[in-house]
>>> print(open('data-v6.cif').read())   # mmCIF, C-alpha atoms (C1' of nucleotides)
data_model
#
loop_
_atom_site.group_PDB
_atom_site.id
_atom_site.type_symbol
_atom_site.label_atom_id
_atom_site.label_comp_id
_atom_site.auth_asym_id
_atom_site.auth_seq_id
_atom_site.Cartn_x
_atom_site.Cartn_y
_atom_site.Cartn_z
ATOM 1 C CA MET A 59 7.108 38.730 -130.464
ATOM 2 C CA ARG A 60 8.348 42.217 -131.202
ATOM 3 C CA VAL A 61 11.835 43.495 -130.683
ATOM 4 C CA THR A 62 11.803 46.834 -128.913
ATOM 5 C CA PRO A 63 14.573 48.899 -127.335
ATOM 6 C CA GLN A 64 13.031 48.256 -123.921
ATOM 7 C CA ARG A 65 13.069 44.499 -124.366
ATOM 8 C CA LEU A 66 16.631 44.505 -125.580
ATOM 9 C CA ALA A 67 17.639 46.583 -122.579
ATOM 10 C CA ILE A 68 15.879 44.193 -120.208
ATOM 11 C CA LEU A 69 17.538 41.156 -121.721
ATOM 12 C CA ASP A 70 20.914 42.893 -121.661
ATOM 13 C CA ALA A 71 20.517 43.824 -118.029
ATOM 14 C CA LEU A 72 19.524 40.309 -117.088
ATOM 15 C CA ARG A 73 22.356 38.781 -119.058
ATOM 16 C CA ALA A 74 24.859 41.113 -117.463
ATOM 17 C CA SER A 75 23.706 40.319 -113.943
ATOM 18 C CA ARG A 76 24.745 37.200 -112.132
ATOM 19 C CA GLN A 77 22.534 38.175 -109.209
ATOM 20 C CA HIS A 78 19.187 36.628 -110.184
ATOM 21 C CA PRO A 79 17.573 40.017 -109.810
ATOM 22 C CA THR A 80 14.003 40.648 -108.783
ATOM 23 C CA VAL A 81 11.720 42.662 -111.031
ATOM 24 C CA GLU A 82 12.395 45.765 -108.990
ATOM 25 C CA GLU A 83 16.148 45.265 -109.300
ATOM 26 C CA ILE A 84 15.935 44.816 -113.044
ATOM 27 C CA HIS A 85 13.881 47.994 -113.205
ATOM 28 C CA GLU A 86 16.650 49.875 -111.416
ATOM 29 C CA MET A 87 19.312 48.506 -113.737
ATOM 30 C CA VAL A 88 17.445 49.267 -116.944
ATOM 31 C CA ARG A 89 16.571 52.769 -115.823
ATOM 32 C CA ALA A 90 20.209 53.733 -116.112
ATOM 33 C CA ASP A 91 19.765 53.751 -119.889
ATOM 34 C CA HIS A 92 15.986 54.081 -120.169
ATOM 35 C CA PRO A 93 14.905 56.529 -117.485
ATOM 36 C CA ALA A 94 11.268 56.410 -118.581
ATOM 37 C CA ILE A 95 10.784 52.648 -118.636
ATOM 38 C CA SER A 96 7.926 51.507 -116.456
ATOM 39 C CA LEU A 97 7.877 48.703 -113.943
ATOM 40 C CA ASN A 98 4.919 47.311 -115.814
ATOM 41 C CA THR A 99 6.983 46.893 -118.955
ATOM 42 C CA ILE A 100 9.523 44.908 -116.971
ATOM 43 C CA TYR A 101 6.814 42.622 -115.652
ATOM 44 C CA LYS A 102 5.183 42.081 -119.024
ATOM 45 C CA SER A 103 8.379 41.632 -120.967
ATOM 46 C CA LEU A 104 9.812 39.125 -118.552
ATOM 47 C CA ASP A 105 6.542 37.246 -118.580
ATOM 48 C CA THR A 106 6.708 37.101 -122.355
ATOM 49 C CA PHE A 107 10.317 35.965 -122.276
ATOM 50 C CA GLU A 108 9.491 33.230 -119.841
ATOM 51 C CA GLY A 109 6.649 32.086 -122.060
ATOM 52 C CA VAL A 110 9.053 31.404 -124.913
ATOM 53 C CA GLY A 111 11.720 29.896 -122.691
ATOM 54 C CA LEU A 112 14.233 32.734 -122.980
ATOM 55 C CA VAL A 113 14.550 33.186 -119.242
ATOM 56 C CA HIS A 114 13.780 31.224 -116.104
ATOM 57 C CA ARG A 115 11.592 32.505 -113.286
ATOM 58 C CA PHE A 116 11.700 31.247 -109.731
ATOM 59 C CA VAL A 117 11.133 32.137 -106.116
ATOM 60 C CA ILE A 118 13.628 31.185 -103.447
ATOM 61 C CA GLY A 119 14.174 31.659 -99.729
ATOM 62 C CA ASP A 120 11.914 33.712 -97.552
ATOM 63 C CA ARG A 121 11.461 36.482 -100.052
ATOM 64 C CA ALA A 122 8.261 35.866 -102.002
ATOM 65 C CA SER A 123 9.298 37.844 -105.071
ATOM 66 C CA TYR A 124 9.970 36.642 -108.542
ATOM 67 C CA ARG A 125 13.565 36.336 -109.549
ATOM 68 C CA TYR A 126 14.799 35.904 -113.082
ATOM 69 C CA ASP A 127 17.715 34.031 -114.506
ATOM 70 C CA PHE A 128 19.101 34.485 -117.984
ATOM 71 C CA ASP A 129 20.686 31.064 -117.778
ATOM 72 C CA THR A 130 18.057 28.438 -118.534
ATOM 73 C CA ARG A 131 20.355 25.441 -118.371
ATOM 74 C CA GLY A 132 19.715 23.200 -115.410
ATOM 75 C CA HIS A 133 21.632 24.252 -112.337
ATOM 76 C CA ILE A 134 21.273 24.579 -108.596
ATOM 77 C CA HIS A 135 20.455 27.793 -106.734
ATOM 78 C CA HIS A 136 21.695 28.611 -103.270
ATOM 79 C CA TYR A 137 20.012 31.169 -101.037
ATOM 80 C CA CYS A 138 21.902 32.726 -98.126
ATOM 81 C CA ARG A 139 19.531 33.193 -95.203
ATOM 82 C CA GLN A 140 21.943 35.726 -93.721
ATOM 83 C CA CYS A 141 22.514 38.211 -96.544
ATOM 84 C CA GLY A 142 19.837 37.087 -99.000
ATOM 85 C CA LYS A 143 22.217 36.536 -101.882
ATOM 86 C CA VAL A 144 21.272 33.961 -104.493
ATOM 87 C CA SER A 145 24.099 32.154 -106.195
ATOM 88 C CA ASP A 146 24.407 29.593 -108.931
ATOM 89 C CA ILE A 147 25.945 26.247 -108.343
ATOM 90 C CA HIS A 148 27.085 25.074 -111.705
ATOM 91 C CA THR A 149 28.031 21.506 -111.561
ATOM 92 C CA GLU A 150 29.471 19.496 -114.387
ATOM 93 C CA ASP A 151 26.984 16.930 -113.463
ATOM 94 C CA PHE A 152 23.556 18.444 -113.087
ATOM 95 C CA GLY A 153 22.471 15.669 -115.416
ATOM 96 C CA ALA A 154 23.193 13.120 -112.719
ATOM 97 C CA VAL A 155 21.236 15.113 -110.168
ATOM 98 C CA ALA A 156 18.281 15.436 -112.553
ATOM 99 C CA GLU A 157 18.519 11.740 -113.261
ATOM 100 C CA SER A 158 18.442 10.886 -109.600
ATOM 101 C CA ILE A 159 15.409 13.132 -109.071
ATOM 102 C CA ARG A 160 13.534 11.693 -112.011
ATOM 103 C CA GLY A 161 14.319 8.246 -110.685
ATOM 104 C CA ALA A 162 12.562 9.109 -107.435
ATOM 105 C CA VAL A 163 9.353 10.121 -109.220
ATOM 106 C CA PRO A 164 6.868 7.232 -109.446
ATOM 107 C CA GLY A 165 6.563 8.067 -113.151
ATOM 108 C CA GLU A 166 3.978 7.449 -115.871
ATOM 109 C CA CYS A 167 1.116 9.215 -114.053
ATOM 110 C CA LEU A 168 2.547 12.714 -113.842
ATOM 111 C CA GLU A 169 4.583 14.898 -116.126
ATOM 112 C CA VAL A 170 7.727 16.833 -115.267
ATOM 113 C CA ASP A 171 8.825 19.739 -117.458
ATOM 114 C CA GLN A 172 11.098 21.543 -115.109
ATOM 115 C CA ILE A 173 13.263 20.733 -112.132
ATOM 116 C CA ASP A 174 14.295 23.346 -109.579
ATOM 117 C CA VAL A 175 16.765 22.580 -106.838
ATOM 118 C CA HIS A 176 16.989 25.213 -104.126
ATOM 119 C CA LEU A 177 19.436 25.136 -101.273
ATOM 120 C CA VAL A 178 19.143 27.339 -98.218
ATOM 121 C CA GLY A 179 22.065 28.032 -95.943
ATOM 122 C CA LEU A 180 24.968 30.450 -95.710
ATOM 123 C CA CYS A 181 27.065 31.789 -98.557
ATOM 124 C CA SER A 182 30.838 31.663 -98.355
ATOM 125 C CA GLU A 183 31.131 35.333 -97.331
ATOM 126 C CA CYS A 184 28.737 34.847 -94.443
ATOM 127 C CA VAL A 185 30.468 31.664 -93.352
ATOM 128 C CA ASP A 186 33.765 33.580 -93.335
ATOM 129 C CA ALA A 187 32.242 36.469 -91.417
ATOM 130 C CA ARG A 188 30.947 34.115 -88.773
ATOM 131 C CA ARG A 189 34.309 32.415 -88.488
ATOM 132 C CA GLU A 190 36.040 35.760 -87.891
ATOM 133 C CA ASN A 191 33.600 36.698 -85.138
ATOM 134 C CA ALA A 192 34.133 33.418 -83.373
ATOM 135 C CA MET B 171 6.255 29.331 -76.945
ATOM 136 C CA ARG B 172 2.716 29.393 -75.616
ATOM 137 C CA VAL B 173 0.042 26.897 -76.396
ATOM 138 C CA THR B 174 -3.211 28.594 -77.368
ATOM 139 C CA PRO B 175 -6.417 27.242 -78.856
ATOM 140 C CA GLN B 176 -5.682 29.165 -82.041
ATOM 141 C CA ARG B 177 -2.259 27.610 -82.442
ATOM 142 C CA LEU B 178 -3.573 24.148 -81.816
ATOM 143 C CA ALA B 179 -6.275 24.714 -84.405
ATOM 144 C CA ILE B 180 -3.746 25.936 -86.953
ATOM 145 C CA LEU B 181 -1.488 22.957 -86.422
ATOM 146 C CA ASP B 182 -4.446 20.594 -86.607
ATOM 147 C CA ALA B 183 -5.651 22.132 -89.838
ATOM 148 C CA LEU B 184 -2.219 21.930 -91.370
ATOM 149 C CA ARG B 185 -1.734 18.346 -90.263
ATOM 150 C CA ALA B 186 -5.105 17.347 -91.658
ATOM 151 C CA SER B 187 -4.417 18.904 -95.051
ATOM 152 C CA ARG B 188 -2.298 17.211 -97.650
ATOM 153 C CA GLN B 189 -2.700 20.221 -99.920
ATOM 154 C CA HIS B 190 0.211 22.420 -98.819
ATOM 155 C CA PRO B 191 -2.196 25.230 -98.155
ATOM 156 C CA THR B 192 -1.443 28.922 -98.461
ATOM 157 C CA VAL B 193 -1.977 31.226 -95.494
ATOM 158 C CA GLU B 194 -5.347 32.246 -96.867
ATOM 159 C CA GLU B 195 -6.408 28.625 -97.231
ATOM 160 C CA ILE B 196 -5.364 27.786 -93.696
ATOM 161 C CA HIS B 197 -7.346 30.787 -92.518
ATOM 162 C CA GLU B 198 -10.459 29.424 -94.232
ATOM 163 C CA MET B 199 -9.990 25.991 -92.712
ATOM 164 C CA VAL B 200 -9.434 27.205 -89.187
ATOM 165 C CA ARG B 201 -12.369 29.579 -89.343
ATOM 166 C CA ALA B 202 -14.722 26.599 -89.388
ATOM 167 C CA ASP B 203 -14.032 26.131 -85.672
ATOM 168 C CA HIS B 204 -12.706 29.582 -84.766
ATOM 169 C CA PRO B 205 -14.841 32.088 -86.646
ATOM 170 C CA ALA B 206 -13.058 35.047 -85.080
ATOM 171 C CA ILE B 207 -9.473 34.058 -85.785
ATOM 172 C CA SER B 208 -7.560 36.680 -87.707
ATOM 173 C CA LEU B 209 -5.378 36.266 -90.755
ATOM 174 C CA ASN B 210 -2.635 37.960 -88.831
ATOM 175 C CA THR B 211 -2.637 35.236 -86.217
ATOM 176 C CA ILE B 212 -2.202 32.659 -88.942
ATOM 177 C CA TYR B 213 0.777 34.546 -90.312
ATOM 178 C CA LYS B 214 2.420 35.015 -86.955
ATOM 179 C CA SER B 215 1.789 31.532 -85.664
ATOM 180 C CA LEU B 216 3.102 29.856 -88.784
ATOM 181 C CA ASP B 217 6.134 32.074 -88.671
ATOM 182 C CA THR B 218 6.744 31.001 -85.101
ATOM 183 C CA PHE B 219 6.258 27.354 -85.989
ATOM 184 C CA GLU B 220 8.714 27.635 -88.821
ATOM 185 C CA GLY B 221 11.233 29.225 -86.504
ATOM 186 C CA VAL B 222 11.270 26.171 -84.283
ATOM 187 C CA GLY B 223 11.192 23.713 -87.171
ATOM 188 C CA LEU B 224 7.657 22.470 -86.627
ATOM 189 C CA VAL B 225 6.564 23.223 -90.181
ATOM 190 C CA HIS B 226 8.193 23.877 -93.529
ATOM 191 C CA ARG B 227 7.540 26.978 -95.623
ATOM 192 C CA PHE B 228 8.095 27.230 -99.350
ATOM 193 C CA VAL B 229 6.978 28.929 -102.526
ATOM 194 C CA ILE B 230 6.391 26.958 -105.692
ATOM 195 C CA GLY B 231 5.155 27.497 -109.220
ATOM 196 C CA ASP B 232 3.900 30.812 -110.503
ATOM 197 C CA ARG B 233 1.951 31.692 -107.393
ATOM 198 C CA ALA B 234 4.057 33.953 -105.192
ATOM 199 C CA SER B 235 2.414 32.936 -101.936
ATOM 200 C CA TYR B 236 3.795 31.084 -98.989
ATOM 201 C CA ARG B 237 2.721 27.504 -98.629
ATOM 202 C CA TYR B 238 3.129 25.437 -95.511
ATOM 203 C CA ASP B 239 3.799 21.782 -95.001
ATOM 204 C CA PHE B 240 3.345 19.895 -91.771
ATOM 205 C CA ASP B 241 5.710 17.247 -92.998
ATOM 206 C CA THR B 242 9.274 18.416 -92.477
ATOM 207 C CA ARG B 243 10.981 15.276 -93.682
ATOM 208 C CA GLY B 244 12.819 15.697 -96.944
ATOM 209 C CA HIS B 245 10.624 15.078 -99.949
ATOM 210 C CA ILE B 246 9.912 16.392 -103.415
ATOM 211 C CA HIS B 247 7.106 18.777 -104.343
ATOM 212 C CA HIS B 248 5.330 18.774 -107.667
ATOM 213 C CA TYR B 249 3.395 21.780 -108.963
ATOM 214 C CA CYS B 250 0.783 21.352 -111.676
ATOM 215 C CA ARG B 251 0.890 24.326 -114.020
ATOM 216 C CA GLN B 252 -2.593 23.475 -115.236
ATOM 217 C CA CYS B 253 -4.627 23.236 -112.028
ATOM 218 C CA GLY B 254 -2.138 24.627 -109.516
ATOM 219 C CA LYS B 255 -2.205 21.606 -107.243
ATOM 220 C CA VAL B 256 0.885 20.884 -105.184
ATOM 221 C CA SER B 257 1.584 17.270 -104.400
ATOM 222 C CA ASP B 258 4.153 15.406 -102.403
ATOM 223 C CA ILE B 259 6.415 12.904 -103.976
ATOM 224 C CA HIS B 260 7.492 10.655 -101.192
ATOM 225 C CA THR B 261 10.257 8.485 -102.303
ATOM 226 C CA GLU B 262 11.863 5.745 -100.270
ATOM 227 C CA ASP B 263 15.077 7.192 -101.338
ATOM 228 C CA PHE B 264 15.115 10.923 -100.858
ATOM 229 C CA GLY B 265 18.416 10.306 -99.123
ATOM 230 C CA ALA B 266 19.969 9.290 -102.413
ATOM 231 C CA VAL B 267 18.632 12.410 -104.109
ATOM 232 C CA ALA B 268 19.957 14.613 -101.310
ATOM 233 C CA GLU B 269 23.259 12.810 -101.516
ATOM 234 C CA SER B 270 23.507 13.421 -105.229
ATOM 235 C CA ILE B 271 22.703 17.099 -104.745
ATOM 236 C CA ARG B 272 25.233 17.560 -101.984
ATOM 237 C CA GLY B 273 27.775 15.830 -104.168
ATOM 238 C CA ALA B 274 27.245 18.478 -106.825
ATOM 239 C CA VAL B 275 27.989 21.337 -104.403
ATOM 240 C CA PRO B 276 31.650 22.395 -104.494
ATOM 241 C CA GLY B 277 31.617 22.135 -100.712
ATOM 242 C CA GLU B 278 33.583 23.614 -97.778
ATOM 243 C CA CYS B 279 32.968 27.257 -98.735
ATOM 244 C CA LEU B 280 29.214 27.365 -98.334
ATOM 245 C CA GLU B 281 26.748 25.848 -95.936
ATOM 246 C CA VAL B 282 23.558 23.966 -96.765
ATOM 247 C CA ASP B 283 20.828 23.584 -94.140
ATOM 248 C CA GLN B 284 17.900 22.778 -96.328
ATOM 249 C CA ILE B 285 17.250 21.227 -99.715
ATOM 250 C CA ASP B 286 14.101 21.917 -101.715
ATOM 251 C CA VAL B 287 13.337 20.046 -104.902
ATOM 252 C CA HIS B 288 10.473 21.512 -106.923
ATOM 253 C CA LEU B 289 9.089 19.933 -110.043
ATOM 254 C CA VAL B 290 6.767 21.737 -112.429
ATOM 255 C CA GLY B 291 4.586 19.918 -114.906
ATOM 256 C CA LEU B 292 1.163 18.297 -115.018
ATOM 257 C CA CYS B 293 -0.475 16.273 -112.277
ATOM 258 C CA SER B 294 -1.986 12.894 -113.088
ATOM 259 C CA GLU B 295 -5.544 14.272 -113.265
ATOM 260 C CA CYS B 296 -4.550 16.924 -115.789
ATOM 261 C CA VAL B 297 -2.585 14.392 -117.827
ATOM 262 C CA ASP B 298 -5.675 12.175 -117.921
ATOM 263 C CA ALA B 299 -7.912 15.101 -118.856
ATOM 264 C CA ARG B 300 -5.675 15.997 -121.735
ATOM 265 C CA ARG B 301 -5.589 12.386 -122.927
ATOM 266 C CA GLU B 302 -9.393 12.273 -123.003
ATOM 267 C CA ASN B 303 -9.633 15.448 -125.056
ATOM 268 C CA ALA B 304 -7.157 14.151 -127.596
ATOM 269 C "C1'" DA C 197 -2.171 49.337 -141.635
ATOM 270 C "C1'" DT C 198 -2.606 46.896 -137.636
ATOM 271 C "C1'" DA C 199 -1.775 44.159 -133.926
ATOM 272 C "C1'" DT C 200 1.438 44.439 -130.286
ATOM 273 C "C1'" DC C 201 3.860 46.998 -126.866
ATOM 274 C "C1'" DT C 202 4.528 50.877 -123.623
ATOM 275 C "C1'" DG C 203 3.506 53.881 -119.819
ATOM 276 C "C1'" DC C 204 0.405 55.572 -116.520
ATOM 277 C "C1'" DA C 205 -2.879 54.877 -113.027
ATOM 278 C "C1'" DA C 206 -5.628 52.181 -110.353
ATOM 279 C "C1'" DA C 207 -6.883 47.787 -108.498
ATOM 280 C "C1'" DA C 208 -5.964 43.524 -106.493
ATOM 281 C "C1'" DG C 209 -3.313 40.462 -103.735
ATOM 282 C "C1'" DA C 210 0.056 39.263 -100.081
ATOM 283 C "C1'" DT C 211 2.650 40.312 -96.040
ATOM 284 C "C1'" DT C 212 4.158 43.244 -92.212
ATOM 285 C "C1'" DT C 213 3.713 46.587 -88.519
ATOM 286 C "C1'" DG C 214 1.700 49.056 -84.439
ATOM 287 C "C1'" DC C 215 -1.038 48.940 -80.716
ATOM 288 C "C1'" DA C 216 -4.535 47.992 -77.086
ATOM 289 C "C1'" DA C 217 -6.996 44.295 -74.925
ATOM 290 C "C1'" DG C 218 -6.928 39.402 -73.556
ATOM 291 C "C1'" DG C 219 -5.107 35.079 -71.820
ATOM 292 C "C1'" DA C 220 -1.342 31.451 -70.842
ATOM 293 C "C1'" DG C 221 2.174 30.352 -67.743
ATOM 294 C "C1'" DC D 287 1.312 39.180 -62.333
ATOM 295 C "C1'" DT D 288 3.788 39.438 -66.416
ATOM 296 C "C1'" DC D 289 4.867 38.734 -70.901
ATOM 297 C "C1'" DC D 290 3.361 36.626 -75.034
ATOM 298 C "C1'" DT D 291 -0.420 36.360 -78.120
ATOM 299 C "C1'" DT D 292 -4.540 37.934 -80.429
ATOM 300 C "C1'" DG D 293 -7.378 40.821 -83.329
ATOM 301 C "C1'" DC D 294 -8.091 44.962 -85.645
ATOM 302 C "C1'" DA D 295 -6.597 48.510 -88.702
ATOM 303 C "C1'" DA D 296 -3.458 50.606 -91.451
ATOM 304 C "C1'" DA D 297 0.736 50.549 -93.983
ATOM 305 C "C1'" DT D 298 3.819 48.414 -97.150
ATOM 306 C "C1'" DC D 299 5.186 45.681 -100.843
ATOM 307 C "C1'" DT D 300 4.368 42.948 -105.052
ATOM 308 C "C1'" DT D 301 1.835 41.816 -109.057
ATOM 309 C "C1'" DT D 302 -2.040 42.363 -112.290
ATOM 310 C "C1'" DT D 303 -5.429 44.862 -115.025
ATOM 311 C "C1'" DG D 304 -7.428 48.500 -118.109
ATOM 312 C "C1'" DC D 305 -6.783 51.731 -121.308
ATOM 313 C "C1'" DA D 306 -5.050 55.353 -124.612
ATOM 314 C "C1'" DG D 307 -1.238 56.518 -127.321
ATOM 315 C "C1'" DA D 308 3.058 54.954 -129.611
ATOM 316 C "C1'" DT D 309 5.634 51.794 -132.570
ATOM 317 C "C1'" DA D 310 7.606 47.481 -134.768
ATOM 318 C "C1'" DT D 311 6.598 44.678 -138.528
#
>>> encode(input="data-v6.cif", output="structure tokens")
Amino acid sequence: MRVTPQRLAILDALRASRQHPTVEEIHEMVRADHPAISLNTIYKSLDTFEGVGLVHRFVIGDRASYRYDFDTRGHIHHYCRQCGKVSDIHTEDFGAVAESIRGAVPGECLEVDQIDVHLVGLCSECVDARRENA
Amino acid sequence: MRVTPQRLAILDALRASRQHPTVEEIHEMVRADHPAISLNTIYKSLDTFEGVGLVHRFVIGDRASYRYDFDTRGHIHHYCRQCGKVSDIHTEDFGAVAESIRGAVPGECLEVDQIDVHLVGLCSECVDARRENA
DNA sequence: ATATCTGCAAAAGATTTGCAAGGAG
DNA sequence: CTCCTTGCAAATCTTTTGCAGATAT
């Protein structure tokens, strides 16, 4: 895998963002420094990164677009069905959650490499907003 | 919500399938009895059904397409990265898993309506196939 | 030097929108 | 009878593919 200015910029942008950006959003961010970078390069680079486990790709909520996360440690994602924001839920104890999930799997016959937990609901801002309007 | 032959056919097809079909797949199935049904009708009907909680929509694995599930009870989905099959993992104790997940959420500030647990790995057939080739 | 990566353009795939005709309530 | 639903077509959005030139190693 080659190290290019584009790839470094993509990784930097993803690391800097806590927003689980879509490909399009990453494109926007990287263009600030690399005006000529193509969307295609974003797609291919992220695909490469995912292949070597540098980043995590997922789809959440009612938006069928890939989102990327620089943080590959196990954690929970929350999708706000009001504003669309995706937030991390970092728990001290994701291990216990993973354990409980693995315990529910009949085992032996199938293999599990990756566990994604997605919650859908309202983020704290949207809960607050609703409370004010009530 | 109106009851039409098309909608009944869509619900029947979805109920009959344990494959978590995509919109395109549902279209194929329903066309057996309703050759003239349009893809658009499938989209709109499923959207309506989801709105009233009749079906569950999700996206899993590396295929960015909506999948639908007639079974709206909480359960785990497993995606096979080899063959693409999506299977249900019905555990007696999804309640315990849900409990453990809710316990990990800091609470009060955000709302959780729905919990999706997605596993990625190999299905039993693909595990067997690999074992035979080894 | 050479295999990989980039950027452009086009193709492919998935979902949504607009509208006129049809059918359920 | 009226409003919701259907089917068609086109538009939009997202992702993939093909290829020629550039570049990291």
>>> atom_distance(input="data-v6.cif", atom1="CA of Phe152 (chain A)", atom2="CA of Arg237 (chain B)")
26.9 Å
>>> resolve_selection(input="data-v6.cif", expression="the PyMOL selection byres ((chain A and resi 117) around 10)", output="PyMOL selection string")
(chain A and resi 80+115-116+118-126+174+176) or (chain B and resi 228-235)
>>> resolve_selection(input="data-v6.cif", expression="the PyMOL selection byres ((chain C) within 12 of (chain A))", output="short mmCIF file (atom, residue, chain, number, x, y, z; two decimals) with C-alpha atoms (C1' of nucleotides), in the coordinates of the input")
data_model
loop_
_atom_site.label_atom_id
_atom_site.label_comp_id
_atom_site.auth_asym_id
_atom_site.auth_seq_id
_atom_site.Cartn_x
_atom_site.Cartn_y
_atom_site.Cartn_z
"C1'" DA C 199 -1.78 44.16 -133.93
"C1'" DT C 200 1.44 44.44 -130.29
"C1'" DC C 201 3.86 47.00 -126.87
"C1'" DT C 202 4.53 50.88 -123.62
"C1'" DG C 203 3.51 53.88 -119.82
"C1'" DC C 204 0.40 55.57 -116.52
"C1'" DA C 205 -2.88 54.88 -113.03
"C1'" DA C 210 0.06 39.26 -100.08
"C1'" DT C 211 2.65 40.31 -96.04
#
>>> residues_near_point(input="data-v6.cif", point="(23.2, 36.2, -119.4)", cutoff="9 Å", atoms="all atoms listed in the file", output="ChimeraX atom specification")
/A:69-76,127-129
>>> residues_near_point(input="data-v6.cif", point="(5.9, 22.7, -115.1)", cutoff="8 Å", atoms="all atoms listed in the file", output="PyMOL selection string")
(chain A and resi 169-172) or (chain B and resi 231+249-251+289-292)
>>> closest_residue(input="data-v6.cif", among="C:DT198, C:DG214, C:DG221, C:DA208", to="DA310 (chain D)", atoms="all atoms listed in the file")
C:DT198
>>> closest_residue(input="data-v6.cif", among="D:DC305, D:DT311, D:DT298, D:DG293", to="chain A", atoms="only C-alpha atoms (C1' of nucleotides)")
D:DT311
>>> atom_distance(input="data-v6.cif", atom1="C1' of DG307 (chain D)", atom2="C1' of DA206 (chain C)")
18.1 Å
>>> decode(input="data-v6.cif", residues="region 76-81 of chain A", atoms="all heavy atoms", output="short mmCIF file (atom, residue, chain, number, x, y, z; two decimals), in the first residue's frame")
data_model
loop_
_atom_site.label_atom_id
_atom_site.label_comp_id
_atom_site.auth_asym_id
_atom_site.auth_seq_id
_atom_site.Cartn_x
_atom_site.Cartn_y
_atom_site.Cartn_z
N ARG A 76 -15.49 13.79 14.03
CA ARG A 76 -16.18 12.85 14.92
C ARG A 76 -17.60 12.62 14.39
O ARG A 76 -18.49 12.23 15.10
CB ARG A 76 -16.24 13.37 16.36
CG ARG A 76 -14.92 13.50 17.10
CD ARG A 76 -14.30 12.15 17.48
NE ARG A 76 -13.61 11.54 16.37
CZ ARG A 76 -13.60 10.20 16.11
NH1 ARG A 76 -14.23 9.36 16.86
NH2 ARG A 76 -12.96 9.73 15.06
N GLN A 77 -17.79 12.89 13.09
CA GLN A 77 -19.14 12.89 12.55
C GLN A 77 -19.48 11.67 11.70
O GLN A 77 -20.52 11.63 11.08
CB GLN A 77 -19.36 14.14 11.69
CG GLN A 77 -19.11 15.44 12.44
CD GLN A 77 -20.02 15.58 13.64
OE1 GLN A 77 -21.21 15.42 13.53
NE2 GLN A 77 -19.44 15.85 14.81
N HIS A 78 -18.57 10.70 11.63
CA HIS A 78 -18.82 9.52 10.80
C HIS A 78 -19.26 9.94 9.41
O HIS A 78 -20.37 9.60 8.97
CB HIS A 78 -19.89 8.63 11.44
CG HIS A 78 -19.60 8.39 12.88
ND1 HIS A 78 -20.01 9.25 13.86
CD2 HIS A 78 -18.92 7.42 13.50
CE1 HIS A 78 -19.59 8.80 15.03
NE2 HIS A 78 -18.93 7.70 14.84
N PRO A 79 -18.42 10.68 8.73
CA PRO A 79 -18.82 11.30 7.47
C PRO A 79 -19.09 10.27 6.38
O PRO A 79 -18.53 9.17 6.39
CB PRO A 79 -17.63 12.18 7.11
CG PRO A 79 -16.48 11.59 7.84
CD PRO A 79 -17.02 11.00 9.08
N THR A 80 -19.94 10.66 5.45
CA THR A 80 -20.14 9.89 4.23
C THR A 80 -18.99 10.22 3.28
O THR A 80 -18.21 11.14 3.52
CB THR A 80 -21.46 10.29 3.56
OG1 THR A 80 -21.39 11.67 3.21
CG2 THR A 80 -22.64 10.07 4.49
N VAL A 81 -18.93 9.47 2.19
CA VAL A 81 -17.87 9.68 1.21
C VAL A 81 -17.91 11.12 0.69
O VAL A 81 -16.89 11.79 0.59
CB VAL A 81 -18.02 8.68 0.05
CG1 VAL A 81 -17.00 8.96 -1.03
CG2 VAL A 81 -17.85 7.25 0.57
#
